[in-house]
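Asks: my_file15.csv (CSV, C-alpha atoms) pasted underneath:
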```csv
chain,number,residue,atom,x,y,z
A,1,MET,CA,0.0,0.0,0.0
A,2,LYS,CA,2.9,2.3,0.8
A,3,PHE,CA,4.2,1.9,-2.8
A,4,HIS,CA,0.9,3.0,-4.3
A,5,HIS,CA,0.8,6.1,-2.0
A,6,THR,CA,4.3,7.0,-3.1
A,7,PHE,CA,3.5,6.4,-6.7
A,8,LEU,CA,0.4,8.6,-6.5
A,9,VAL,CA,2.3,11.4,-4.9
A,10,MET,CA,5.0,11.3,-7.6
A,11,ALA,CA,2.5,11.1,-10.4
A,12,SER,CA,0.6,14.1,-8.9
A,13,SER,CA,3.8,16.1,-8.6
A,14,ILE,CA,4.7,15.4,-12.2
A,15,ALA,CA,1.2,16.3,-13.4
A,16,PHE,CA,1.2,19.6,-11.5
A,17,THR,CA,4.8,20.7,-12.0
A,18,GLY,CA,5.0,18.8,-15.2
A,19,CYS,CA,7.5,18.9,-17.9
A,20,ALA,CA,7.6,22.1,-19.8
A,21,SER,CA,6.3,20.5,-23.0
A,22,ILE,CA,3.1,19.7,-21.2
A,23,THR,CA,2.7,22.9,-19.2
A,24,LYS,CA,4.2,25.3,-21.8
A,25,ASP,CA,3.4,25.8,-25.5
A,26,SER,CA,6.2,26.2,-28.0
A,27,ASN,CA,4.9,29.8,-28.6
A,28,GLN,CA,4.6,32.7,-26.1
A,29,PRO,CA,2.6,35.9,-26.4
A,30,ILE,CA,4.5,39.0,-25.5
A,31,ARG,CA,2.7,42.3,-25.1
A,32,VAL,CA,4.7,45.3,-26.4
A,33,GLU,CA,4.0,49.0,-25.7
A,34,THR,CA,6.1,51.9,-27.0
A,35,TYR,CA,6.7,55.2,-25.4
A,36,ASN,CA,8.7,58.3,-26.3
A,37,GLN,CA,11.5,59.9,-24.1
A,38,GLN,CA,8.9,62.0,-22.3
A,39,ASN,CA,7.1,58.8,-21.2
A,40,THR,CA,4.0,59.3,-23.5
A,41,MET,CA,2.7,56.3,-25.2
A,42,VAL,CA,3.3,56.2,-29.0
A,43,GLU,CA,0.9,54.1,-30.9
A,44,ASP,CA,1.1,52.4,-34.3
A,45,VAL,CA,4.8,51.7,-34.0
A,46,THR,CA,6.0,48.6,-35.9
A,47,CYS,CA,8.0,46.3,-33.6
A,48,THR,CA,9.8,43.3,-35.0
A,49,ALA,CA,11.2,40.5,-32.8
A,50,LYS,CA,13.6,37.7,-33.8
A,51,ASN,CA,15.5,34.8,-32.5
A,52,GLU,CA,17.0,31.8,-34.2
A,53,ARG,CA,13.5,30.3,-34.6
A,54,GLY,CA,12.0,33.1,-36.6
A,55,GLU,CA,10.8,36.7,-36.9
A,56,TRP,CA,7.5,38.2,-35.8
A,57,SER,CA,6.0,41.7,-36.1
A,58,THR,CA,3.2,43.7,-34.5
A,59,LYS,CA,1.9,47.3,-34.3
A,60,THR,CA,1.9,48.8,-30.8
A,61,PRO,CA,0.2,48.5,-28.5
A,62,GLY,CA,0.0,44.9,-29.4
A,63,SER,CA,1.2,41.4,-28.9
A,64,LEU,CA,3.8,39.2,-30.6
A,65,VAL,CA,3.4,35.5,-30.6
A,66,VAL,CA,7.0,34.2,-30.7
A,67,HIS,CA,8.6,30.8,-30.6
A,68,ARG,CA,10.2,30.1,-27.3
A,69,SER,CA,14.0,29.6,-27.3
A,70,GLY,CA,17.0,29.6,-25.0
A,71,GLN,CA,18.4,32.5,-27.0
A,72,ASN,CA,17.4,36.1,-26.2
A,73,LEU,CA,14.8,37.8,-28.3
A,74,GLU,CA,16.0,40.9,-30.1
A,75,VAL,CA,13.2,43.6,-30.7
A,76,ARG,CA,13.4,46.6,-32.9
A,77,CYS,CA,10.6,49.2,-32.9
A,78,HIS,CA,10.4,52.0,-35.5
A,79,LYS,CA,8.0,54.7,-36.7
A,80,GLU,CA,8.6,57.5,-39.2
A,81,HIS,CA,9.7,60.8,-37.4
A,82,PHE,CA,10.7,58.9,-34.2
A,83,ALA,CA,13.9,57.4,-33.0
A,84,THR,CA,14.2,53.6,-33.2
A,85,GLY,CA,13.8,51.7,-29.9
A,86,PHE,CA,15.7,48.5,-29.3
A,87,ALA,CA,15.1,45.8,-26.7
A,88,THR,CA,16.8,42.6,-25.7
A,89,LEU,CA,14.3,40.2,-24.0
A,90,VAL,CA,16.3,37.7,-21.9
A,91,SER,CA,15.1,34.1,-22.0
A,92,ARG,CA,15.2,32.1,-18.8
A,93,ALA,CA,14.4,28.4,-18.0
A,94,ASN,CA,10.8,27.7,-16.8
A,95,GLY,CA,9.9,25.8,-13.6
A,96,GLY,CA,8.9,22.9,-15.8
A,97,MET,CA,12.5,22.4,-16.8
A,98,TRP,CA,13.5,21.8,-13.2
A,99,GLY,CA,10.5,19.3,-12.9
A,100,ASN,CA,11.9,17.4,-15.9
A,101,ILE,CA,15.3,17.2,-14.3
A,102,LEU,CA,14.0,16.0,-11.0
A,103,PHE,CA,11.4,13.5,-12.2
A,104,GLY,CA,12.8,12.5,-15.6
A,105,GLY,CA,16.5,12.4,-15.0
A,106,GLY,CA,17.1,15.1,-17.6
A,107,ILE,CA,15.7,13.4,-20.7
A,108,GLY,CA,12.6,15.5,-20.8
A,109,ALA,CA,14.7,18.6,-20.1
A,110,ILE,CA,16.8,17.9,-23.2
A,111,VAL,CA,13.6,17.5,-25.3
A,112,ASP,CA,12.1,20.7,-24.0
A,113,HIS,CA,15.4,22.6,-24.5
A,114,ASN,CA,15.5,21.5,-28.1
A,115,LYS,CA,11.8,22.4,-28.7
A,116,GLY,CA,12.2,25.7,-26.8
A,117,THR,CA,9.3,25.0,-24.4
A,118,ALA,CA,11.8,25.0,-21.4
A,119,TYR,CA,12.2,28.8,-21.7
A,120,SER,CA,10.1,32.0,-21.4
A,121,TYR,CA,10.6,35.6,-22.2
A,122,PRO,CA,9.2,38.6,-20.2
A,123,ASP,CA,5.5,38.8,-21.0
A,124,TRP,CA,4.9,42.5,-21.1
A,125,VAL,CA,7.5,45.1,-22.0
A,126,LYS,CA,7.7,48.9,-22.3
A,127,VAL,CA,10.1,49.9,-25.2
A,128,ILE,CA,11.3,53.5,-25.1
A,129,LEU,CA,11.9,54.9,-28.6
A,130,GLY,CA,15.5,56.1,-28.8
A,131,ASP,CA,16.7,53.8,-26.1
A,132,ASN,CA,18.4,50.4,-26.1
A,133,LEU,CA,17.0,48.4,-23.2
A,134,VAL,CA,17.3,44.9,-21.7
A,135,PHE,CA,14.4,43.1,-20.1
A,136,ASP,CA,15.4,40.1,-18.0
A,137,ARG,CA,12.7,37.4,-17.5
A,138,LYS,CA,14.2,36.8,-14.1
A,139,HIS,CA,12.5,40.0,-12.9
A,140,ASN,CA,9.2,39.4,-14.7
A,141,VAL,CA,6.0,39.8,-12.6
A,142,ASP,CA,2.9,38.3,-14.2
A,143,ASN,CA,0.4,40.8,-15.6
A,144,GLN,CA,2.7,43.8,-14.9
A,145,MET,CA,4.5,45.8,-17.5
A,146,MET,CA,8.3,45.6,-17.2
A,147,THR,CA,10.5,48.6,-17.7
A,148,GLY,CA,14.0,47.8,-19.0
A,149,LEU,CA,17.5,48.6,-18.0
A,150,ALA,CA,20.0,50.3,-20.2
A,151,ALA,CA,21.6,47.6,-22.4
A,152,THR,CA,25.2,48.3,-21.6
A,153,GLY,CA,27.9,45.8,-22.5
A,154,GLU,CA,28.5,45.3,-18.8
A,155,ALA,CA,24.8,44.5,-18.0
A,156,LEU,CA,24.6,42.1,-20.9
A,157,LYS,CA,27.8,40.3,-19.9
A,158,LYS,CA,26.5,39.9,-16.3
A,159,ILE,CA,23.2,38.5,-17.6
A,160,GLU,CA,24.9,36.0,-19.9
A,161,ALA,CA,27.2,34.9,-17.1
A,162,ASP,CA,24.2,34.4,-14.9
A,163,LYS,CA,22.4,32.4,-17.6
A,164,LYS,CA,25.5,30.2,-18.1
A,165,LYS,CA,25.7,29.5,-14.4
A,166,GLU,CA,22.0,28.5,-14.4
A,167,GLU,CA,22.6,26.2,-17.4
A,168,GLU,CA,25.6,24.6,-15.7
A,169,GLU,CA,23.7,24.0,-12.5
A,170,ALA,CA,20.8,22.4,-14.5
A,171,LYS,CA,23.3,20.2,-16.4
A,172,LYS,CA,25.0,19.1,-13.2
A,173,LEU,CA,21.6,18.4,-11.5
A,174,ALA,CA,20.5,16.4,-14.6
A,175,GLU,CA,23.7,14.3,-14.5
A,176,GLU,CA,23.4,13.6,-10.7
A,177,THR,CA,19.7,12.8,-10.8
A,178,PRO,CA,18.9,9.2,-11.6
A,179,LEU,CA,16.0,8.3,-13.9
A,180,ALA,CA,12.6,8.4,-12.1
A,181,PRO,CA,11.6,4.9,-11.0
A,182,GLN,CA,9.1,3.2,-13.3
A,183,PRO,CA,5.9,1.8,-11.7
A,184,GLN,CA,6.1,-1.9,-11.3
A,185,GLN,CA,3.3,-4.1,-12.4
A,186,VAL,CA,1.5,-5.6,-9.4
A,187,THR,CA,0.2,-9.1,-9.8
A,188,SER,CA,-2.9,-10.2,-8.0
A,189,PRO,CA,-3.0,-13.6,-6.2
A,190,ALA,CA,-5.4,-14.8,-9.0
A,191,ASP,CA,-2.5,-14.3,-11.6
A,192,ILE,CA,-0.2,-16.6,-9.7
A,193,LYS,CA,-0.7,-20.3,-10.5
```
Please lay out the structure from this file as structure tokens.
Replies:
Amino acid sequence: MKFHHTFLVMASSIAFTGCASITKDSNQPIRVETYNQQNTMVEDVTCTAKNERGEWSTKTPGSLVVHRSGQNLEVRCHKEHFATGFATLVSRANGGMWGNILFGGGIGAIVDHNKGTAYSYPDWVKVILGDNLVFDRKHNVDNQMMTGLAATGEALKKIEADKKKEEEEAKKLAEETPLAPQPQQVTSPADIK
């Protein structure tokens, strides 16, 4: 009976924390708003985002539906008679990635990494026309617009070093975590002859 209880707890944990491919879609909507240097919203600005999986555009205020990736998303917003705004949206691993490592021994994490479902970008950003900003998913708060930080070389290096450290920790955890035990088939007394 104890085995069944343990198995149910594990199955529930996997179902609720799940692997990213179950809990996350390959695509992610990102709301983009554009403002001028005086902090006044500027509408009808064309924003184009791209990563190694594709390129997407929207008019602001609006949403881009992008393909998730471990690579950062580069955004360029432009409108005639306005300075161009640039943004780097930093991709971070989802909680589902850690669930994959803990319950699947890393195999699911590799699949989700390759599909991009293991990662997310900030979900609502404020691009300032004339600025080059960085938006780190690490500081994302659901349903709140994120203001970026100046995209200096120093800031970007620090973020990339932080991401590399996270990836190394995940890889190490995946290597140290054995595969999740598979449920054993229980035979009833009637099956034994």
Asks: List the residues sitting within 12 Å of (2.3, 41.1, -12.3) in the file's frame, using all atoms listed in the file, as a PyMOL selection string.
Replies: chain A and resi 122-125+139-146
Asks: Between atom CA of A:Ala155 and atom CA of A:Arg92, what is the spacing in Å?
Replies: 15.7 Å
Asks: Within 12 Å of (4.9, 43.0, -25.4) (file coordinates; all atoms listed in the file), which protein or nucleic acid residues are there? I'd like them as a ChimeraX atom specification.
Replies: /A:28-34,46-49,56-66,73,75-77,87-89,121-127,135,143-147
Asks: Please compute the atom CA of A:Lys171-atom CA of A:Asp25 distance, one decimal, in Å.
Replies: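 About the pair atom CA of A:Lys171 and atom CA of A:Asp25: they are 22.6 Å apart.
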Asks: Check the smallest atom-to-atom distance from each of A:Lys79, A:Lys138, A:Lys50, A:Arg68 to A:Glu166 using all atoms listed in the file, then report the winner.
Replies: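 Residue with the minimum atom-to-atom distance to A:Glu166: A:Lys138.
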Asks: Could you check how far atom CA of A:Asn36 sits from atom CA of A:Leu129, in Å to one decimal?
Replies: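 Interatomic distance, atom CA of A:Asn36 to atom CA of A:Leu129: 5.2 Å.
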Asks: Let me make sure I understand: among A:Ser26, A:Gly148, A:Lys163, A:Leu133, which one has the smallest atom-to-atom distance to A:Gly85 if we use all atoms listed in the file?
Replies: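 Closest candidate: A:Leu133.
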